[in-house]
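Asks: I have a structure here, written as structure tokens, and I will follow up with some questions on it.
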Amino acid sequence: MQASLPLLCLPCAGASATMYLRWRRALPRWIEVVPVELPGRGGRLGESFVDHFDRMVAQLCAEHEGVLRGRYALFGHSMGALLAWGMAQRQQQLGRPLPGALIVSGSAAPSQRDPDRFLDKTDDAALIADLRKQGGTPDELFDSPELLRMTLDTLGADYRLCRSFVPGHAAPLPVPLHVLAGRQDDIAPWRMQAWAEETAHARFTLDWFEGGHFFIRQHETQVLAALARHLAPAMVAEVAGGVDAARALA
């Protein structure tokens, strides 16, 4: 049996785990994509939303404790990036195994988040305007009252979660940290570069892609190639011996 590296993928605000299902077929076989479903959407539609950052992080770590006991990696886009970082921080604080790599996308560093980003995103009109501004939402959704209602409810809860985040004095993580960013995103480049302060590991990268906030969809092939490249060292560390490593990465 070939070895594999579980990659827990955290969704962006308003989205479900389905945003990562395609990656299971597109990434190399040695990367085991684990789309993380948050309460209140997708397969967990009947559950209540969790709209507080610390509670959500604690719940996610508890729900995925089995995976987090061994070798794994974390990825998150936008809100998912903040959650992935939070999970790694909680693992560190509890003295539990850390990810072989943390990959964050489309999100300012925790210490440099814009405190005003979500202040006025509290009613339907503001949420719809933000959806249209960010792009990545199919036009058909806006024409379906039922789907739009579900999306706005989810987005509203996720924005409350983001507003609940309070920057602290978390210690840098001793893990490789890789940042993906869109050149046309409205996040200032210095807020992306600030992720370098979140790692004590020598391996830090910042990759820029053409596109806006959802460059991971616009340039999926290039993004997935970057993911595989950054995860390869973590996989090699898991496999004993150069021959076995080469087979696992084939």
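For the structure tokens, the naming scheme is as follows: chains receive sequential letters (A, B, ...) according to their order of presentation, residues are indexed from 1 within each chain, and ligands are indexed from 1 in presentation order.
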Applying 10 Å and only C-alpha atoms, which residues near stretch 218-223 of chain A remain after dropping the ones on its own chain fewer than 5 positions away? List them as a ChimeraX atom specification.

Replies: /A:23,26-27,105,136,180-182,207-213,228-229

Asks: Convert the current residue selection to file output with C-alpha atoms, as a tab-separated table (two decimals), in the first residue's frame.

Replies:
```
chain	number	residue	atom	x	y	z
A	23	TRP	CA	-9.03	18.26	-5.87
A	26	ALA	CA	-6.65	16.49	-9.65
A	27	LEU	CA	-3.91	16.17	-7.02
A	105	SER	CA	-4.50	31.20	0.71
A	136	GLY	CA	-16.54	33.29	-7.60
A	180	LEU	CA	-0.80	31.75	-1.86
A	181	ALA	CA	-2.09	35.14	-3.00
A	182	GLY	CA	-3.92	36.75	-5.92
A	207	ASP	CA	3.46	32.54	-4.24
A	208	TRP	CA	1.57	35.12	-6.31
A	209	PHE	CA	-1.02	34.18	-8.94
A	210	GLU	CA	-2.93	36.25	-11.45
A	211	GLY	CA	-6.55	36.79	-10.44
A	212	GLY	CA	-8.68	38.17	-7.65
A	213	HIS	CA	-9.82	36.64	-4.38
A	228	ALA	CA	1.99	19.40	-4.50
A	229	ARG	CA	5.38	21.11	-4.63
```

Asks: Taking the backbone alone, and naming residues the way the document does, which bits of stretch 147-234 of chain A are helix (DSSP H, G or I) by DSSP, as a PyMOL selection string?

Replies: chain A and resi 147-164+189-198+215-218+220-234

Asks: Create the file for the chosen residues now, containing N, CA and C atoms and written as a compact mmCIF listing (two decimals), in the first residue's frame.

Replies:
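selection.txt, written as the output of this step:
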```
# COMPACT_ATOMS: atom_id res chain seq x y z
N LEU A 147 -31.61 29.18 -2.68
CA LEU A 147 -30.16 29.02 -2.59
C LEU A 147 -29.50 30.29 -2.05
N LEU A 148 -30.03 31.44 -2.49
CA LEU A 148 -29.46 32.70 -2.02
C LEU A 148 -29.66 32.84 -0.52
N ARG A 149 -30.84 32.46 -0.02
CA ARG A 149 -31.11 32.55 1.41
C ARG A 149 -30.14 31.68 2.22
N MET A 150 -29.92 30.47 1.74
CA MET A 150 -29.00 29.56 2.43
C MET A 150 -27.59 30.13 2.43
N THR A 151 -27.20 30.69 1.30
CA THR A 151 -25.85 31.24 1.18
C THR A 151 -25.67 32.44 2.10
N LEU A 152 -26.66 33.32 2.13
CA LEU A 152 -26.55 34.52 2.97
C LEU A 152 -26.53 34.15 4.45
N ASP A 153 -27.33 33.17 4.84
CA ASP A 153 -27.32 32.73 6.24
C ASP A 153 -25.94 32.17 6.62
N THR A 154 -25.37 31.37 5.71
CA THR A 154 -24.05 30.80 5.97
C THR A 154 -22.99 31.88 6.00
N LEU A 155 -23.04 32.78 5.03
CA LEU A 155 -22.05 33.85 4.95
C LEU A 155 -22.13 34.76 6.17
N GLY A 156 -23.35 35.09 6.60
CA GLY A 156 -23.52 35.94 7.77
C GLY A 156 -22.91 35.31 9.01
N ALA A 157 -23.14 34.00 9.21
CA ALA A 157 -22.56 33.30 10.36
C ALA A 157 -21.03 33.28 10.27
N ASP A 158 -20.51 33.07 9.07
CA ASP A 158 -19.06 33.01 8.91
C ASP A 158 -18.42 34.37 9.13
N TYR A 159 -19.09 35.43 8.71
CA TYR A 159 -18.55 36.78 8.95
C TYR A 159 -18.59 37.11 10.44
N ARG A 160 -19.60 36.62 11.16
CA ARG A 160 -19.60 36.81 12.61
C ARG A 160 -18.43 36.07 13.24
N LEU A 161 -18.13 34.88 12.72
CA LEU A 161 -16.98 34.13 13.19
C LEU A 161 -15.70 34.93 12.98
N CYS A 162 -15.56 35.50 11.79
CA CYS A 162 -14.36 36.29 11.49
C CYS A 162 -14.26 37.52 12.40
N ARG A 163 -15.40 38.16 12.67
CA ARG A 163 -15.39 39.33 13.56
C ARG A 163 -15.01 38.95 14.98
N SER A 164 -15.28 37.70 15.37
CA SER A 164 -14.99 37.27 16.74
C SER A 164 -13.50 37.01 16.98
N PRO A 189 -0.47 43.67 -0.24
CA PRO A 189 0.65 42.71 -0.24
C PRO A 189 1.36 42.61 1.10
N TRP A 190 1.50 43.70 1.83
CA TRP A 190 2.22 43.64 3.11
C TRP A 190 1.46 42.81 4.15
N ARG A 191 0.13 42.76 4.00
CA ARG A 191 -0.65 41.92 4.91
C ARG A 191 -0.41 40.44 4.61
N MET A 192 -0.11 40.12 3.37
CA MET A 192 0.20 38.74 3.00
C MET A 192 1.63 38.39 3.44
N GLN A 193 2.56 39.29 3.21
CA GLN A 193 3.96 39.05 3.59
C GLN A 193 4.09 38.86 5.10
N ALA A 194 3.18 39.45 5.87
CA ALA A 194 3.25 39.36 7.33
C ALA A 194 3.09 37.93 7.84
N TRP A 195 2.61 37.02 6.98
CA TRP A 195 2.55 35.61 7.40
C TRP A 195 3.93 35.08 7.78
N ALA A 196 4.97 35.69 7.26
CA ALA A 196 6.33 35.23 7.57
C ALA A 196 6.60 35.27 9.07
N GLU A 197 5.91 36.15 9.78
CA GLU A 197 6.10 36.28 11.22
C GLU A 197 5.42 35.15 11.99
N GLU A 198 4.58 34.36 11.30
CA GLU A 198 3.82 33.30 11.97
C GLU A 198 4.54 31.96 11.99
N PHE A 215 -8.61 33.33 -7.06
CA PHE A 215 -7.60 32.86 -8.01
C PHE A 215 -7.42 31.35 -7.93
N ILE A 216 -7.78 30.74 -6.79
CA ILE A 216 -7.60 29.28 -6.68
C ILE A 216 -8.53 28.54 -7.63
N ARG A 217 -9.62 29.19 -8.06
CA ARG A 217 -10.49 28.60 -9.07
C ARG A 217 -10.07 29.03 -10.47
N GLN A 218 -9.70 30.30 -10.59
CA GLN A 218 -9.32 30.83 -11.90
C GLN A 218 -8.06 30.18 -12.44
N GLU A 220 -6.62 27.08 -11.18
CA GLU A 220 -6.58 25.89 -10.34
C GLU A 220 -5.38 25.00 -10.66
N THR A 221 -5.05 24.82 -11.91
CA THR A 221 -3.94 23.94 -12.27
C THR A 221 -2.64 24.41 -11.65
N GLN A 222 -2.37 25.71 -11.75
CA GLN A 222 -1.13 26.25 -11.17
C GLN A 222 -1.15 26.18 -9.65
N VAL A 223 -2.32 26.42 -9.05
CA VAL A 223 -2.43 26.36 -7.59
C VAL A 223 -2.17 24.95 -7.09
N LEU A 224 -2.76 23.94 -7.75
CA LEU A 224 -2.57 22.57 -7.32
C LEU A 224 -1.12 22.11 -7.52
N ALA A 225 -0.49 22.62 -8.55
CA ALA A 225 0.93 22.29 -8.75
C ALA A 225 1.77 22.86 -7.60
N ALA A 226 1.42 24.07 -7.16
CA ALA A 226 2.12 24.67 -6.03
C ALA A 226 1.88 23.88 -4.75
N LEU A 227 0.64 23.43 -4.55
CA LEU A 227 0.33 22.62 -3.37
C LEU A 227 1.18 21.35 -3.34
N ALA A 228 1.21 20.64 -4.44
CA ALA A 228 1.99 19.40 -4.50
C ALA A 228 3.47 19.67 -4.25
N ARG A 229 3.96 20.77 -4.81
CA ARG A 229 5.38 21.11 -4.63
C ARG A 229 5.70 21.39 -3.16
N HIS A 230 4.81 22.12 -2.49
CA HIS A 230 5.06 22.48 -1.10
C HIS A 230 4.83 21.32 -0.13
N LEU A 231 3.98 20.37 -0.51
CA LEU A 231 3.69 19.24 0.36
C LEU A 231 4.70 18.11 0.21
N ALA A 232 5.43 18.09 -0.89
CA ALA A 232 6.36 16.99 -1.15
C ALA A 232 7.37 16.78 -0.02
N PRO A 233 8.00 17.83 0.52
CA PRO A 233 8.95 17.60 1.63
C PRO A 233 8.30 16.94 2.83
N ALA A 234 7.05 17.30 3.15
CA ALA A 234 6.36 16.68 4.28
C ALA A 234 6.13 15.21 4.02
```

Asks: May I ask which of the residues A:Pro115, A:Leu8, A:Ile31, A:Met235 is the closest one to A:Glu63, counting only C-alpha atoms?

Replies: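 When distances to A:Glu63 are compared using only C-alpha atoms, the smallest one comes from A:Leu8.
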
Asks: Report as number ranges by chain all protein, DNA and RNA residues lying within 12 Å of A:Phe53, evaluated on only C-alpha atoms, omitting residues in the same chain fewer than 3 positions from it.

Replies: A: 49-50, 56-60, 79-80, 82-87, 90, 157-167

Asks: Using only C-alpha atoms, pick whichever of A:Ala62, A:Leu38, A:Leu7, A:Leu21 has the shortest atom-to-atom distance to A:Gly100.

Replies: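 Once distances to A:Gly100 are computed over only C-alpha atoms, the minimum belongs to A:Leu7.
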
Asks: Taking only stretch 21-239 of chain A into account, list the residues labelled strand (DSSP E) by DSSP (computed from the backbone), as number ranges by chain.

Replies: A: 31-35, 73-77, 102-105, 177-182, 204-209

Asks: Using the selection just defined, write its residues with N, CA and C atoms as a compact mmCIF listing (two decimals), in the first residue's frame.

Replies:
```
# COMPACT_ATOMS: atom_id res chain seq x y z
N ILE A 31 -1.43 12.58 -2.01
CA ILE A 31 -2.09 13.60 -1.21
C ILE A 31 -3.54 13.16 -0.99
N GLU A 32 -3.90 12.91 0.24
CA GLU A 32 -5.25 12.49 0.60
C GLU A 32 -6.07 13.72 0.98
N VAL A 33 -6.81 14.25 0.04
CA VAL A 33 -7.61 15.45 0.30
C VAL A 33 -8.75 15.12 1.26
N VAL A 34 -8.81 15.87 2.36
CA VAL A 34 -9.87 15.70 3.36
C VAL A 34 -10.66 17.00 3.44
N PRO A 35 -11.74 17.14 2.63
CA PRO A 35 -12.53 18.37 2.68
C PRO A 35 -13.24 18.47 4.04
N ALA A 73 -1.27 17.61 6.91
CA ALA A 73 -1.02 18.99 6.51
C ALA A 73 -2.36 19.73 6.52
N LEU A 74 -2.29 21.05 6.59
CA LEU A 74 -3.48 21.89 6.64
C LEU A 74 -3.47 22.89 5.50
N PHE A 75 -4.65 23.09 4.90
CA PHE A 75 -4.83 24.12 3.88
C PHE A 75 -6.14 24.84 4.14
N GLY A 76 -6.14 26.14 3.91
CA GLY A 76 -7.38 26.89 4.02
C GLY A 76 -7.34 28.11 3.12
N HIS A 77 -8.51 28.45 2.57
CA HIS A 77 -8.61 29.64 1.73
C HIS A 77 -9.48 30.68 2.44
N LEU A 102 1.73 23.96 6.67
CA LEU A 102 0.54 24.80 6.74
C LEU A 102 0.53 25.66 5.49
N ILE A 103 -0.54 25.52 4.69
CA ILE A 103 -0.66 26.30 3.45
C ILE A 103 -1.90 27.17 3.57
N VAL A 104 -1.71 28.48 3.44
CA VAL A 104 -2.81 29.43 3.59
C VAL A 104 -2.96 30.23 2.31
N SER A 105 -4.19 30.60 2.01
CA SER A 105 -4.50 31.20 0.71
C SER A 105 -5.52 32.32 0.86
N LEU A 177 5.57 27.05 6.32
CA LEU A 177 4.39 27.85 6.07
C LEU A 177 4.45 28.40 4.65
N HIS A 178 3.40 28.11 3.87
CA HIS A 178 3.36 28.53 2.47
C HIS A 178 2.10 29.36 2.24
N VAL A 179 2.27 30.50 1.59
CA VAL A 179 1.18 31.46 1.38
C VAL A 179 0.91 31.60 -0.11
N LEU A 180 -0.38 31.54 -0.47
CA LEU A 180 -0.80 31.75 -1.86
C LEU A 180 -1.63 33.01 -1.91
N ALA A 181 -1.40 33.85 -2.93
CA ALA A 181 -2.09 35.14 -3.00
C ALA A 181 -2.42 35.51 -4.43
N GLY A 182 -3.51 36.27 -4.61
CA GLY A 182 -3.92 36.75 -5.92
C GLY A 182 -3.46 38.19 -6.14
N PHE A 204 9.62 29.20 4.39
CA PHE A 204 8.48 30.09 4.19
C PHE A 204 8.47 30.54 2.74
N THR A 205 7.29 30.46 2.10
CA THR A 205 7.18 30.92 0.72
C THR A 205 5.92 31.75 0.55
N LEU A 206 5.95 32.64 -0.40
CA LEU A 206 4.79 33.44 -0.78
C LEU A 206 4.69 33.40 -2.30
N ASP A 207 3.67 32.70 -2.80
CA ASP A 207 3.46 32.54 -4.24
C ASP A 207 2.33 33.47 -4.69
N TRP A 208 2.58 34.22 -5.76
CA TRP A 208 1.57 35.12 -6.31
C TRP A 208 1.00 34.54 -7.60
N PHE A 209 -0.32 34.66 -7.75
CA PHE A 209 -1.02 34.18 -8.94
C PHE A 209 -1.84 35.32 -9.53
```

Asks: Identify which of the residues A:Trp30, A:Tyr20, A:Phe214, A:Phe118 lies closest to A:Val236, counting only C-alpha atoms when measuring atom-to-atom distances.

Replies: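 Using only C-alpha atoms, A:Val236 sits closest to A:Trp30.
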
Asks: Between A:Leu5, A:Tyr72, A:His64, A:Gly42, single out the one closest to A:Ala17, counting only C-alpha atoms.

Replies: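 The answer is A:Gly42, which sits nearest to A:Ala17.
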
Asks: Under the rule that only C-alpha atoms are counted, which of A:Pro174, A:Asp116, A:Glu140, A:Cys61 is the nearest residue to A:Leu98?

Replies: A:Pro174

Asks: Quote the spacing between atom CA of A:Gln93 and atom CA of A:Leu173 in Å to one decimal place.

Replies: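 Going from atom CA of A:Gln93 over to atom CA of A:Leu173, I get 10.2 Å.
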